[in-house]
>>> print(open('query-v5.cif').read())   # mmCIF, C-alpha atoms
data_run
#
loop_
_atom_site.label_atom_id
_atom_site.label_comp_id
_atom_site.auth_asym_id
_atom_site.auth_seq_id
_atom_site.Cartn_x
_atom_site.Cartn_y
_atom_site.Cartn_z
CA MET A 1 -9.24 -18.91 -18.67
CA SER A 2 -9.47 -19.31 -22.44
CA THR A 3 -6.24 -20.05 -24.32
CA GLN A 4 -4.99 -20.13 -27.87
CA LEU A 5 -2.26 -22.39 -29.23
CA VAL A 6 0.24 -20.45 -31.30
CA VAL A 7 2.87 -22.09 -33.51
CA LEU A 8 5.68 -19.56 -33.76
CA LYS A 9 8.59 -19.72 -36.15
CA GLN A 10 11.18 -17.47 -34.60
CA ALA A 11 14.02 -15.78 -36.51
CA GLN A 12 17.31 -16.39 -34.78
CA ASP A 13 20.71 -16.76 -36.42
CA LEU A 14 22.50 -19.70 -34.81
CA GLY A 15 25.87 -18.41 -36.00
CA ASP A 16 28.88 -20.42 -37.13
CA GLY A 17 28.84 -22.68 -34.06
CA VAL A 18 26.21 -24.64 -32.15
CA PRO A 19 24.63 -22.56 -29.38
CA GLU A 20 24.05 -24.03 -25.97
CA TRP A 21 21.66 -21.26 -24.93
CA ILE A 22 19.05 -19.93 -27.35
CA GLN A 23 16.61 -17.07 -26.80
CA LEU A 24 13.08 -18.44 -27.11
CA PHE A 25 11.31 -15.08 -26.67
CA PRO A 26 12.54 -11.52 -26.24
CA ALA A 27 11.36 -9.56 -23.23
CA GLY A 28 8.35 -7.35 -23.97
CA ARG A 29 6.28 -7.51 -27.14
CA VAL A 30 6.69 -10.51 -29.41
CA LEU A 31 5.82 -9.54 -33.00
CA ILE A 32 4.32 -12.33 -35.10
CA GLU A 33 3.37 -12.33 -38.77
CA ASP A 34 -0.40 -12.42 -39.44
CA ARG A 35 -1.26 -12.59 -35.71
CA PRO A 36 -1.72 -10.12 -32.84
CA ASP A 37 1.40 -9.34 -30.81
CA ALA A 38 2.17 -11.50 -27.79
CA VAL A 39 3.77 -10.49 -24.49
CA MET A 40 6.74 -12.07 -22.72
CA ASP A 41 7.43 -10.83 -19.19
CA ALA A 42 8.43 -12.03 -15.72
CA GLU A 43 4.85 -13.13 -14.88
CA GLY A 44 4.58 -15.26 -18.01
CA ALA A 45 8.11 -16.63 -17.53
CA ALA A 46 7.22 -17.76 -13.98
CA LEU A 47 4.20 -19.69 -15.32
CA ILE A 48 6.29 -21.27 -18.10
CA LEU A 49 9.02 -22.34 -15.65
CA ARG A 50 6.40 -23.81 -13.28
CA HIS A 51 4.86 -25.87 -16.10
CA PHE A 52 8.30 -26.97 -17.35
CA GLU A 53 9.29 -28.22 -13.88
CA SER A 54 5.97 -30.03 -13.50
CA LEU A 55 6.65 -32.11 -16.66
CA GLN A 56 9.63 -33.83 -15.04
CA HIS A 57 11.10 -34.53 -18.48
CA ASP A 58 12.93 -32.58 -21.16
CA VAL A 59 11.05 -30.67 -23.87
CA VAL A 60 11.72 -31.86 -27.42
CA ILE A 61 13.27 -29.83 -30.23
CA ASP A 62 12.14 -31.38 -33.52
CA TYR A 63 12.34 -30.55 -37.23
CA GLU A 64 9.68 -28.35 -38.87
CA HIS A 65 7.10 -29.06 -36.10
CA GLN A 66 6.82 -32.74 -37.05
CA THR A 67 5.73 -33.59 -33.51
CA LEU A 68 2.45 -31.76 -34.19
CA THR A 69 1.65 -33.88 -37.29
CA GLY A 70 1.51 -37.21 -35.50
CA GLY A 71 3.98 -38.87 -37.87
CA GLU A 72 7.60 -39.80 -37.39
CA ALA A 73 9.25 -36.96 -35.50
CA PRO A 74 12.93 -37.52 -34.67
CA ALA A 75 14.40 -35.17 -32.13
CA ALA A 76 16.96 -32.54 -33.08
CA GLY A 77 17.67 -31.91 -29.43
CA TRP A 78 16.24 -31.50 -25.98
CA ILE A 79 15.59 -28.47 -23.76
CA ARG A 80 17.21 -29.23 -20.43
CA GLU A 81 16.82 -25.89 -18.67
CA LEU A 82 14.96 -22.56 -18.94
CA ASP A 83 16.24 -19.20 -17.72
CA TRP A 84 14.35 -15.88 -17.50
CA ARG A 85 16.74 -12.92 -17.94
CA GLU A 86 15.05 -9.72 -16.88
CA GLY A 87 15.02 -7.11 -19.64
CA ASP A 88 16.43 -9.63 -22.14
CA GLY A 89 14.09 -12.57 -22.57
CA LEU A 90 13.41 -16.27 -21.93
CA TYR A 91 16.35 -18.55 -22.77
CA ALA A 92 16.57 -22.32 -23.14
CA ARG A 93 19.64 -24.56 -22.69
CA ALA A 94 19.60 -27.07 -25.54
CA GLU A 95 21.26 -30.48 -25.81
CA TRP A 96 21.60 -31.16 -29.56
CA THR A 97 21.88 -34.45 -31.46
CA ASP A 98 24.91 -34.93 -33.69
CA LYS A 99 22.71 -34.71 -36.78
CA ALA A 100 21.22 -31.39 -35.66
CA LYS A 101 24.69 -30.07 -34.83
CA GLY A 102 25.74 -30.84 -38.38
CA TYR A 103 22.73 -29.01 -39.82
CA ILE A 104 23.45 -25.99 -37.64
CA GLU A 105 27.20 -25.94 -38.28
CA ARG A 106 26.59 -26.11 -42.05
CA ARG A 107 23.88 -23.45 -41.64
CA GLU A 108 21.31 -25.72 -43.24
CA TYR A 109 19.04 -24.78 -40.33
CA ARG A 110 19.39 -21.21 -39.10
CA TYR A 111 16.26 -20.55 -37.06
CA HIS A 112 14.12 -22.14 -34.35
CA SER A 113 10.43 -21.88 -33.53
CA PRO A 114 8.70 -22.39 -30.15
CA VAL A 115 5.14 -23.74 -29.83
CA PHE A 116 3.47 -22.05 -26.88
CA LEU A 117 0.22 -21.25 -25.13
CA CYS A 118 -0.86 -17.61 -25.25
CA ARG A 119 -3.56 -16.27 -22.88
CA THR A 120 -6.17 -14.49 -24.98
CA SER A 121 -7.21 -12.02 -22.28
CA ASP A 122 -3.85 -10.21 -22.24
CA ARG A 123 -1.84 -12.03 -24.97
CA ARG A 124 0.70 -13.15 -22.35
CA ILE A 125 2.77 -16.25 -23.17
CA VAL A 126 2.19 -18.67 -20.27
CA GLU A 127 3.19 -22.20 -21.42
CA LEU A 128 5.81 -23.83 -23.67
CA TYR A 129 5.01 -27.08 -25.57
CA ASN A 130 8.04 -27.73 -27.75
CA VAL A 131 10.52 -26.11 -30.15
CA ALA A 132 11.39 -26.83 -33.78
CA LEU A 133 14.25 -26.10 -36.13
CA THR A 134 12.96 -24.22 -39.19
CA ASN A 135 14.03 -21.94 -42.01
CA GLN A 136 10.73 -20.02 -42.18
CA PRO A 137 10.59 -17.72 -39.14
CA ARG A 138 7.50 -15.69 -38.35
CA MET A 139 8.75 -13.76 -35.32
CA LYS A 140 9.92 -10.33 -36.46
CA ASN A 141 11.61 -8.63 -33.52
CA VAL A 142 14.25 -11.09 -32.31
CA ALA A 143 17.79 -9.98 -33.15
CA GLU A 144 20.08 -12.48 -34.80
CA LEU A 145 22.41 -14.01 -32.24
CA LEU A 146 25.81 -15.66 -32.70
CA ALA A 147 26.47 -18.78 -30.72
CA ALA A 148 28.98 -17.04 -28.45
CA LYS A 149 26.44 -14.41 -27.46
CA ASN A 150 24.00 -17.10 -26.29
CA MET A 151 26.39 -18.64 -23.77
CA LYS A 152 26.66 -17.58 -20.18
CA LEU A 153 30.01 -16.34 -18.96
CA THR A 154 29.93 -18.06 -15.57
CA THR A 155 31.94 -20.95 -17.04
CA GLY A 156 34.95 -18.64 -17.16
CA GLY A 157 35.96 -19.37 -13.58
CA PRO A 158 37.49 -16.90 -11.06
CA ASP A 159 39.39 -14.94 -13.70
CA MET A 160 36.24 -14.34 -15.73
CA ASN A 161 34.31 -13.38 -12.58
CA GLU A 162 37.02 -10.87 -11.72
CA PHE A 163 36.81 -9.50 -15.28
CA LEU A 164 33.04 -9.10 -14.99
CA LYS A 165 33.51 -7.38 -11.63
CA LEU A 166 35.84 -4.85 -13.27
CA LEU A 167 33.12 -4.17 -15.83
CA GLY A 168 30.59 -3.60 -13.06
CA LEU A 169 28.67 -6.79 -13.93
CA LYS A 170 27.45 -9.71 -11.83
CA PRO A 171 29.03 -13.20 -12.15
CA ASP A 172 25.95 -14.53 -13.98
CA ALA A 173 26.09 -11.81 -16.67
CA THR A 174 25.80 -12.90 -20.29
CA GLU A 175 28.39 -12.25 -22.94
CA ALA A 176 25.95 -9.92 -24.70
CA GLU A 177 25.87 -7.75 -21.56
CA ALA A 178 29.67 -7.77 -21.31
CA VAL A 179 30.04 -6.84 -24.99
CA GLU A 180 27.64 -3.93 -24.51
CA VAL A 181 29.70 -2.58 -21.58
CA LEU A 182 32.94 -3.04 -23.53
CA LYS A 183 31.48 -1.12 -26.48
CA GLY A 184 30.82 1.77 -24.12
CA VAL A 185 34.40 1.59 -22.83
CA LEU A 186 35.76 1.62 -26.39
CA ASP A 187 33.52 4.55 -27.34
CA ASP A 188 34.80 6.49 -24.32
CA ARG A 189 38.38 5.62 -25.32
CA ASP A 190 37.83 6.82 -28.88
CA GLU A 191 36.31 10.06 -27.64
CA LEU A 192 39.26 10.64 -25.29
CA GLN A 193 41.75 9.95 -28.10
CA THR A 194 39.94 12.45 -30.33
CA LYS A 195 40.12 15.11 -27.61
CA LEU A 196 43.81 14.41 -26.98
CA LYS A 197 44.57 14.65 -30.69
CA ALA A 198 42.75 17.96 -30.91
CA HIS A 199 44.75 19.19 -27.90
CA ASP A 200 48.02 18.01 -29.49
CA ASP A 201 47.12 19.76 -32.75
CA LYS A 202 46.61 23.04 -30.89
CA ALA A 203 49.81 22.52 -28.93
CA THR A 204 51.88 22.40 -32.11
CA VAL A 205 51.91 26.23 -32.21
CA VAL A 206 55.18 26.64 -30.33
CA ALA A 207 56.22 30.19 -31.24
CA CYS A 208 54.71 33.38 -32.59
CA LYS A 209 54.78 34.07 -36.30
CA ASP A 210 57.52 36.72 -35.98
CA VAL A 211 59.86 34.31 -34.21
CA LEU A 212 59.29 31.61 -36.82
CA THR A 213 59.88 34.12 -39.62
CA ALA A 214 63.11 35.32 -38.00
CA LEU A 215 64.24 31.72 -37.70
CA GLU A 216 63.27 31.13 -41.35
CA LEU A 217 60.89 28.32 -40.35
CA ASP A 218 57.43 27.30 -41.53
CA GLU A 219 54.46 28.45 -39.44
CA LYS A 220 53.63 24.79 -38.65
CA ALA A 221 57.11 23.99 -37.32
CA ASP A 222 56.99 21.89 -34.14
CA SER A 223 58.90 22.49 -30.92
CA LYS A 224 61.72 20.09 -31.85
CA THR A 225 62.38 21.97 -35.09
CA VAL A 226 62.38 25.37 -33.33
CA VAL A 227 64.75 24.15 -30.59
CA ALA A 228 67.08 22.58 -33.16
CA LYS A 229 67.17 25.84 -35.15
CA ILE A 230 67.99 27.94 -32.07
CA LYS A 231 70.71 25.49 -31.03
CA GLY A 232 72.13 25.70 -34.53
CA LEU A 233 72.24 29.49 -34.33
CA SER A 234 73.93 29.29 -30.94
CA ALA A 235 76.51 26.89 -32.33
CA SER A 236 77.22 29.25 -35.21
CA GLY A 237 78.00 32.10 -32.80
CA VAL A 238 74.71 33.99 -32.86
CA ALA A 239 74.14 35.22 -29.31
CA ALA A 240 70.67 35.17 -27.78
CA SER A 241 70.84 38.94 -27.27
CA ASP A 242 71.65 39.43 -30.96
CA LEU A 243 68.72 37.24 -31.90
CA GLY A 244 66.45 39.31 -29.63
CA GLN A 245 67.66 42.53 -31.26
CA GLN A 246 67.06 41.04 -34.70
CA LEU A 247 63.55 40.06 -33.71
CA GLU A 248 62.84 43.52 -32.32
CA ALA A 249 64.14 45.16 -35.50
CA LEU A 250 62.07 42.77 -37.56
CA LYS A 251 58.94 43.63 -35.60
CA LYS A 252 59.51 47.34 -36.16
CA ARG A 253 60.07 46.74 -39.84
CA LEU A 254 56.88 44.72 -40.10
CA ASN A 255 54.94 47.43 -38.26
CA THR A 256 56.35 50.09 -40.61
CA LEU A 257 55.44 48.06 -43.69
CA GLN A 258 51.94 47.52 -42.35
CA ALA A 259 51.55 51.21 -41.53
CA THR A 260 52.79 52.24 -44.98
CA GLY A 261 50.23 50.00 -46.63
CA VAL A 262 47.38 51.37 -44.51
CA VAL A 263 48.37 54.99 -45.18
CA GLU A 264 48.69 54.37 -48.91
CA GLU A 265 45.23 52.83 -48.96
CA ALA A 266 43.82 55.86 -47.08
CA LEU A 267 45.52 58.24 -49.57
CA LYS A 268 44.12 56.28 -52.49
CA ASN A 269 40.61 56.50 -51.01
CA GLY A 270 40.93 60.22 -50.30
CA GLN A 271 40.53 59.69 -46.54
CA ILE A 272 43.74 61.54 -45.69
CA THR A 273 45.71 64.25 -47.44
CA PRO A 274 49.39 63.89 -48.31
CA ALA A 275 50.14 66.70 -45.86
CA GLU A 276 48.35 64.88 -43.03
CA ALA A 277 50.10 61.65 -43.90
CA LYS A 278 53.47 63.35 -43.80
CA THR A 279 52.97 65.32 -40.57
CA TRP A 280 51.24 62.78 -38.34
CA GLY A 281 49.51 59.99 -40.31
CA ASN A 282 52.51 57.73 -40.89
CA ASP A 283 53.64 57.93 -37.26
CA LEU A 284 50.14 57.24 -35.91
CA ALA A 285 49.62 54.25 -38.22
CA ALA A 286 52.91 52.73 -37.06
CA SER A 287 52.49 53.41 -33.32
CA ASP A 288 48.75 52.95 -32.87
CA PRO A 289 47.00 51.24 -35.81
CA LYS A 290 43.67 51.11 -34.00
CA GLN A 291 43.68 54.87 -33.36
CA PHE A 292 44.59 55.49 -37.01
CA GLU A 293 41.68 53.32 -38.06
CA LEU A 294 39.33 55.21 -35.73
CA ILE A 295 40.43 58.67 -36.92
CA VAL A 296 41.24 58.14 -40.59
CA LEU A 297 39.69 55.00 -41.96
CA SER A 298 36.29 55.92 -40.53
CA ARG A 299 36.16 58.95 -42.84
CA PRO A 300 34.06 58.73 -46.00
CA LYS A 301 36.12 58.19 -49.12
CA PHE A 302 37.39 61.34 -50.92
CA SER A 303 36.32 63.54 -48.00
CA ALA A 304 39.72 64.60 -46.66
CA VAL A 305 41.20 66.46 -49.66
CA PRO A 306 40.93 70.20 -48.86
CA LEU A 307 40.13 72.65 -51.64
CA ALA A 308 43.39 74.44 -50.96
CA ASP A 309 45.27 71.36 -52.18
CA ILE A 310 43.62 71.54 -55.60
CA ALA A 311 43.34 75.35 -55.87
CA PRO A 312 44.81 77.07 -58.99
CA LYS A 313 48.46 77.86 -58.77
CA THR A 314 49.44 81.43 -57.97
CA ASP A 315 52.46 83.29 -59.06
CA THR A 316 54.04 82.61 -55.69
CA ASP A 317 53.80 78.83 -55.93
CA ALA A 318 54.11 78.39 -59.69
CA THR A 319 57.76 77.58 -59.36
CA ASP A 320 57.48 75.85 -55.96
CA PRO A 321 58.70 72.27 -56.56
CA GLU A 322 57.17 71.05 -53.27
CA ALA A 323 53.75 72.38 -54.32
CA ASP A 324 54.11 70.73 -57.74
CA ALA A 325 55.01 67.42 -56.10
CA LEU A 326 51.98 67.70 -53.81
CA GLN A 327 49.69 68.33 -56.80
CA LEU A 328 51.12 65.35 -58.66
CA GLU A 329 50.56 63.14 -55.61
CA ILE A 330 46.93 64.29 -55.36
CA ASN A 331 46.40 63.67 -59.08
CA LYS A 332 47.90 60.20 -58.73
CA LYS A 333 45.73 59.23 -55.76
CA MET A 334 42.58 60.51 -57.46
CA GLY A 335 43.37 58.82 -60.78
CA ILE A 336 43.81 62.06 -62.77
CA ASP A 337 46.32 61.66 -65.60
CA ALA A 338 48.59 64.47 -66.82
CA GLU A 339 46.60 65.10 -70.01
CA THR A 340 43.30 65.47 -68.13
CA TYR A 341 44.82 67.79 -65.55
CA LYS A 342 46.44 69.90 -68.25
CA LYS A 343 43.10 70.23 -70.05
CA TYR A 344 40.80 70.80 -67.05
CA GLY A 345 43.20 72.11 -64.36
CA PRO A 346 43.57 75.77 -63.27
CA ASP A 347 45.75 76.54 -66.30
CA GLY A 348 43.88 74.23 -68.62
CA GLU A 349 42.47 74.96 -72.05
CA GLU A 350 38.81 74.63 -71.00
#
>>> encode(input="query-v5.cif", output="structure tokens")
Amino acid sequence: MSTQLVVLKQAQDLGDGVPEWIQLFPAGRVLIEDRPDAVMDAEGAALILRHFESLQHDVVIDYEHQTLTGGEAPAAGWIRELDWREGDGLYARAEWTDKAKGYIERREYRYHSPVFLCRTSDRRIVELYNVALTNQPRMKNVAELLAAKNMKLTTGGPDMNEFLKLLGLKPDATEAEAVEVLKGVLDDRDELQTKLKAHDDKATVVACKDVLTALELDEKADSKTVVAKIKGLSASGVAASDLGQQLEALKKRLNTLQATGVVEEALKNGQITPAEAKTWGNDLAASDPKQFELIVLSRPKFSAVPLADIAPKTDTDATDPEADALQLEINKKMGIDAETYKKYGPDGEE
């Protein structure tokens, strides 16, 4: 089996504190600058753990890979334990020197870099030599990790284990896993609050428009305002039956006003004659607006004025005031002024 030694400078934010557990490699593809990708998986992790146990001593963490140069290479810390976390990556438990802790706390060193053996046949990482602190990372796909996210949660004791159980996690879950679950819980909470707010907004419509108008309230009045208004009316001696009668009268008045407007619009457009409006149009518009719309408003404009309504006056109707009023109404609806009618009408000069 041919092998290739790879010196990897891995990007990893050590955060504001000193991490006990650091991620050496992410699970899956390990992206490296100027080199082919490597692979970190359970098979490679098993080989690394076997080699680590066979050493029977801790693995050094130095500064800037000084161990590889053969010169003076003081330790920054020691790797005491390795842990493969399926779907996450290979982690190392580090025991730091006081000097290294100071560097990390002051953020003078922010990244670490493992030196490992990579099998050329499949690019699988199979052996770990040592690790260095560095500020020039070459690994591209390792997320920055705060110190708290590197630590296991099993140190939390029974209470923490019970908390993890409530989240549906195992006792050896990491904080990163717990945070991910909690984010989902918070997202669900926010979604539920949004739905409840939308429901509350719809529920604010507590009475129909007519009732609110009769009570002299704004259309957006809430239930407390409506109840207070009704109680105030009751206290002032307004009986509920009287209020109901007032509302009924108000509805009829509103219907009449609406009907009047619709009929006037139809007269203006020539879709109904004044005679039709007087005999049945007004009543139909007030009692059955939809039927009025079907019968009258579907007519083409200026199609309902019969010739008889604009015929020349005869001797019998020359002095008929009702006929004169009808002619004036027609002229008004059709936009014919008095001067034009006088000039071009049946008795006109032309």
>>> residues_near_point(input="query-v5.cif", point="(12.9, -33.6, -32.6)", cutoff="7 Å", atoms="all atoms listed in the file", output="ChimeraX atom specification")
/A:60-63,73-77
>>> residues_near_point(input="query-v5.cif", point="(12.1, -14.1, -19.9)", cutoff="6 Å", atoms="only C-alpha atoms", output="VMD selection string")
chain A and resid 27 41 to 42 45 84 to 85 89 to 90
>>> resolve_selection(input="query-v5.cif", expression="the PyMOL selection byres ((chain A and resi 280-293) around 10)", output="VMD selection string")
chain A and resid 252 to 264 266 272 to 279 294 to 299
>>> write_last_selection(input="query-v5.cif", atoms="C-alpha atoms", output="PDB file, in the coordinates of the input")
ATOM      1  CA  LYS A 252      59.510  47.340 -36.160  1.00  0.00           C
ATOM      2  CA  ARG A 253      60.070  46.740 -39.840  1.00  0.00           C
ATOM      3  CA  LEU A 254      56.880  44.720 -40.100  1.00  0.00           C
ATOM      4  CA  ASN A 255      54.940  47.430 -38.260  1.00  0.00           C
ATOM      5  CA  THR A 256      56.350  50.090 -40.610  1.00  0.00           C
ATOM      6  CA  LEU A 257      55.440  48.060 -43.690  1.00  0.00           C
ATOM      7  CA  GLN A 258      51.940  47.520 -42.350  1.00  0.00           C
ATOM      8  CA  ALA A 259      51.550  51.210 -41.530  1.00  0.00           C
ATOM      9  CA  THR A 260      52.790  52.240 -44.980  1.00  0.00           C
ATOM     10  CA  GLY A 261      50.230  50.000 -46.630  1.00  0.00           C
ATOM     11  CA  VAL A 262      47.380  51.370 -44.510  1.00  0.00           C
ATOM     12  CA  VAL A 263      48.370  54.990 -45.180  1.00  0.00           C
ATOM     13  CA  GLU A 264      48.690  54.370 -48.910  1.00  0.00           C
ATOM     14  CA  ALA A 266      43.820  55.860 -47.080  1.00  0.00           C
ATOM     15  CA  ILE A 272      43.740  61.540 -45.690  1.00  0.00           C
ATOM     16  CA  THR A 273      45.710  64.250 -47.440  1.00  0.00           C
ATOM     17  CA  PRO A 274      49.390  63.890 -48.310  1.00  0.00           C
ATOM     18  CA  ALA A 275      50.140  66.700 -45.860  1.00  0.00           C
ATOM     19  CA  GLU A 276      48.350  64.880 -43.030  1.00  0.00           C
ATOM     20  CA  ALA A 277      50.100  61.650 -43.900  1.00  0.00           C
ATOM     21  CA  LYS A 278      53.470  63.350 -43.800  1.00  0.00           C
ATOM     22  CA  THR A 279      52.970  65.320 -40.570  1.00  0.00           C
ATOM     23  CA  LEU A 294      39.330  55.210 -35.730  1.00  0.00           C
ATOM     24  CA  ILE A 295      40.430  58.670 -36.920  1.00  0.00           C
ATOM     25  CA  VAL A 296      41.240  58.140 -40.590  1.00  0.00           C
ATOM     26  CA  LEU A 297      39.690  55.000 -41.960  1.00  0.00           C
ATOM     27  CA  SER A 298      36.290  55.920 -40.530  1.00  0.00           C
ATOM     28  CA  ARG A 299      36.160  58.950 -42.840  1.00  0.00           C
TER      29      ARG A 299
END
>>> atom_distance(input="query-v5.cif", atom1="CA of Tyr91 (chain A)", atom2="CA of Pro26 (chain A)")
8.7 Å
>>> atom_distance(input="query-v5.cif", atom1="CA of Glu86 (chain A)", atom2="CA of Pro19 (chain A)")
20.3 Å
>>> atom_distance(input="query-v5.cif", atom1="CA of Leu47 (chain A)", atom2="CA of Ile79 (chain A)")
16.7 Å
>>> residues_around(input="query-v5.cif", residues="Ile22 (chain A)", least_positions_apart="4", cutoff="8 Å", atoms="all atoms listed in the file", output="list in words")
Tyr91, Ala92, Arg93, Ala94 and Asn150 of chain A
>>> closest_atom_pairs(input="query-v5.cif", of="region 44-154 of chain A", to="region 29-34 of chain A", cutoff="12 Å", atoms="all atoms listed in the file", output="tab-separated table")
residue	atom	partner	partner_atom	distance
A:Gly87	CA	A:Arg29	CA	11.5
A:Asp88	CA	A:Arg29	CA	11.5
A:Gly89	CA	A:Val30	CA	10.3
A:Leu90	CA	A:Val30	CA	11.6
A:Ser113	CA	A:Ile32	CA	11.4
A:Cys118	CA	A:Val30	CA	11.2
A:Asp122	CA	A:Arg29	CA	11.6
A:Arg123	CA	A:Arg29	CA	9.5
A:Arg124	CA	A:Arg29	CA	9.3
A:Ile125	CA	A:Val30	CA	9.3
A:Gln136	CA	A:Glu33	CA	11.2
A:Pro137	CA	A:Glu33	CA	9.0
A:Arg138	CA	A:Glu33	CA	5.3
A:Met139	CA	A:Ile32	CA	4.7
A:Lys140	CA	A:Leu31	CA	5.4
A:Asn141	CA	A:Leu31	CA	5.9
A:Val142	CA	A:Val30	CA	8.1
A:Ala143	CA	A:Val30	CA	11.7
